[in-house]
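To keep things clear, I will list the structure first and then write my remarks on it.
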Amino acid sequence: YVYGWGSHEENMSCQKLHAMAPHVLIQDPDTYWDTTMGSGWYGGFNWLLQQDAYECAGALTDGLLSVGICPDCPGGINADNNLTMAQLYDRMDVICHAGITDISGFEFNEIVKRVDHPQEGDSGLGERYFEALAYFRTGQKELVRKVLLTSQQHQSTSSWRPE
């Protein structure tokens, strides 16, 4: 459930929603409005994450808080399209240290299509976000890159070629 969205009759707080539906995973979208390290109008991703943890303390304590990420949503000074892999790994560490065990990506296709801003041999910002998500889930760094490299090596050594 994404709190605060939907019904125009009531903009429900995270705390109220968690009290009414204590076993429902609550997706808090606030963090996708700022991808910066702290220079955005909203104060940066980490500041928004702290706000989420405060506003949704009950859901966080019960392991039912999911924060949003979206490399394609923010604009202007709230968008950092040049985040390094190290910065994204650090961001995942901050999320884990906050006790958050779930991340919601907005939207899958928006992350995939970010093939701009390549760095250090990657295909772009979307690849770095997928790498960060894999690290968040497994604790292993460069997991996506290893899979991509293995796939590319397999394709280059395969004797079968499409017509």
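In the structure tokens, the first chain shown is A, the next is B, and so on; residue numbers restart at 1 for each chain, and ligands run from 1 in the order shown.
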Would you list the contacts of region 117-126 of chain A as a ChimeraX atom specification, taking every protein, DNA or RNA residue within 9 Å and counting only C-alpha atoms, but skipping same-chain residues closer than 6 positions in sequence?
/A:71,81-85,110-111,145
Take the selection from the previous step and output its residues with N, CA and C atoms, as a PDB file, in the first residue's frame.
ATOM      1  N   PRO A  71      15.564   6.624 -10.229  1.00  0.00           N
ATOM      2  CA  PRO A  71      16.565   7.491 -10.835  1.00  0.00           C
ATOM      3  C   PRO A  71      15.992   8.409 -11.905  1.00  0.00           C
ATOM      4  N   ASN A  81      22.346  12.482 -11.486  1.00  0.00           N
ATOM      5  CA  ASN A  81      22.497  11.424 -12.480  1.00  0.00           C
ATOM      6  C   ASN A  81      23.921  10.907 -12.571  1.00  0.00           C
ATOM      7  N   ASN A  82      24.809  11.460 -11.763  1.00  0.00           N
ATOM      8  CA  ASN A  82      26.204  11.048 -11.799  1.00  0.00           C
ATOM      9  C   ASN A  82      26.633  10.347 -10.521  1.00  0.00           C
ATOM     10  N   LEU A  83      25.673   9.755  -9.803  1.00  0.00           N
ATOM     11  CA  LEU A  83      26.029   9.000  -8.606  1.00  0.00           C
ATOM     12  C   LEU A  83      26.990   7.886  -8.981  1.00  0.00           C
ATOM     13  N   THR A  84      28.038   7.735  -8.199  1.00  0.00           N
ATOM     14  CA  THR A  84      28.998   6.676  -8.461  1.00  0.00           C
ATOM     15  C   THR A  84      28.497   5.378  -7.846  1.00  0.00           C
ATOM     16  N   MET A  85      29.131   4.298  -8.234  1.00  0.00           N
ATOM     17  CA  MET A  85      28.775   3.006  -7.659  1.00  0.00           C
ATOM     18  C   MET A  85      29.037   3.021  -6.165  1.00  0.00           C
ATOM     19  N   GLU A 110      11.705   2.383 -15.911  1.00  0.00           N
ATOM     20  CA  GLU A 110      12.406   3.661 -15.794  1.00  0.00           C
ATOM     21  C   GLU A 110      13.851   3.454 -15.353  1.00  0.00           C
ATOM     22  N   ILE A 111      14.092   2.429 -14.547  1.00  0.00           N
ATOM     23  CA  ILE A 111      15.461   2.128 -14.138  1.00  0.00           C
ATOM     24  C   ILE A 111      16.215   1.511 -15.320  1.00  0.00           C
ATOM     25  N   ARG A 145      27.415  -6.826 -12.580  1.00  0.00           N
ATOM     26  CA  ARG A 145      28.503  -6.674 -13.552  1.00  0.00           C
ATOM     27  C   ARG A 145      29.113  -8.035 -13.899  1.00  0.00           C
TER      28      ARG A 145
END
List every residue of region 113-150 of chain A that DSSP, applied to the backbone, labels as alpha helix (DSSP H), and write the result as a VMD selection string.
chain A and resid 125 to 138 143 to 150
Which residues of region 16-60 of chain A sit at most 12 Å from region 89-101 of chain A, using only C-alpha atoms? Give each one's shortest atom pair and distance in Å (one decimal place), in chain and ascending residue order, as a tab-separated table.
residue	atom	partner	partner_atom	distance
A:Leu25	CA	A:Thr101	CA	10.6
A:Ile26	CA	A:Ile100	CA	11.2
A:Gln27	CA	A:Ile100	CA	11.1
A:Asp28	CA	A:Ile100	CA	11.3
A:Thr31	CA	A:Ile95	CA	10.9
A:Thr35	CA	A:Arg91	CA	10.0
A:Thr36	CA	A:Arg91	CA	10.5
A:Met37	CA	A:Arg91	CA	8.9
A:Gly38	CA	A:Arg91	CA	11.9
A:Gly44	CA	A:Arg91	CA	11.2
A:Phe45	CA	A:Arg91	CA	8.5
A:Asn46	CA	A:Arg91	CA	7.8
A:Trp47	CA	A:Val94	CA	11.0
A:Leu48	CA	A:Ile95	CA	11.2
A:Leu49	CA	A:Ile95	CA	7.7
A:Gln50	CA	A:Ala98	CA	8.3
A:Gln51	CA	A:Ala98	CA	11.3
A:Asp52	CA	A:Ala98	CA	10.1
A:Ala53	CA	A:Ala98	CA	7.4
A:Tyr54	CA	A:Ala98	CA	10.5
A:Cys56	CA	A:Ile100	CA	10.9
A:Ala57	CA	A:Gly99	CA	10.4
A:Gly58	CA	A:Gly99	CA	11.7
A:Ala59	CA	A:Ile100	CA	9.5
A:Leu60	CA	A:Ile100	CA	6.5
Name the closest residue to Ser66 (chain A) among the candidates A:Val24, A:Ala134, A:Leu17, A:Val147; distances are taken between atoms, counting only C-alpha atoms.
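When distances to Ser66 (chain A) are compared using only C-alpha atoms, the smallest one comes from A:Val24.
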Region 61-93 of chain A: which residues are strand (DSSP E or B) by DSSP, as a PDB file with N, CA, C and O atoms, in the first residue's frame?
ATOM      1  N   LEU A  65       8.290  -1.499   6.238  1.00  0.00           N
ATOM      2  CA  LEU A  65       8.465  -0.235   5.528  1.00  0.00           C
ATOM      3  C   LEU A  65       9.336  -0.464   4.301  1.00  0.00           C
ATOM      4  O   LEU A  65      10.421  -1.029   4.383  1.00  0.00           O
ATOM      5  N   SER A  66       8.835  -0.036   3.161  1.00  0.00           N
ATOM      6  CA  SER A  66       9.571  -0.089   1.911  1.00  0.00           C
ATOM      7  C   SER A  66       9.790   1.342   1.428  1.00  0.00           C
ATOM      8  O   SER A  66       8.843   2.115   1.362  1.00  0.00           O
ATOM      9  N   VAL A  67      11.040   1.692   1.136  1.00  0.00           N
ATOM     10  CA  VAL A  67      11.319   3.042   0.646  1.00  0.00           C
ATOM     11  C   VAL A  67      11.427   3.015  -0.872  1.00  0.00           C
ATOM     12  O   VAL A  67      11.774   1.999  -1.461  1.00  0.00           O
ATOM     13  N   GLY A  68      11.116   4.135  -1.486  1.00  0.00           N
ATOM     14  CA  GLY A  68      11.115   4.226  -2.939  1.00  0.00           C
ATOM     15  C   GLY A  68      12.415   4.757  -3.495  1.00  0.00           C
ATOM     16  O   GLY A  68      13.023   5.644  -2.921  1.00  0.00           O
ATOM     17  N   ILE A  69      12.821   4.184  -4.633  1.00  0.00           N
ATOM     18  CA  ILE A  69      13.932   4.747  -5.396  1.00  0.00           C
ATOM     19  C   ILE A  69      13.468   4.925  -6.836  1.00  0.00           C
ATOM     20  O   ILE A  69      12.686   4.141  -7.346  1.00  0.00           O
TER      21      ILE A  69
END
Would you mind reading off the distance between CA of Pro29 (chain A) and CA of Gln140 (chain A), one decimal, in Å?
25.8 Å
What does the distance from CA of Ala132 (chain A) to CA of Ile103 (chain A) come to in Å, to one decimal?
10.9 Å
Which value, in Å to one decimal, gives the distance between CA of Lys146 (chain A) and CA of Phe130 (chain A)?
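Distance reported for this atom pair: 12.4 Å.
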Min atom-atom distance to Tyr129 (chain A) from the set A:Gly63, A:Cys70, A:Asp102, A:Asp116, counting only C-alpha atoms, belongs to A:Cys70
Write out as a ChimeraX atom specification the residues lying within 8 Å of region 39-41 of chain A, counting only C-alpha atoms and excluding same-chain residues fewer than 4 positions away.
/A:34-35,77-79
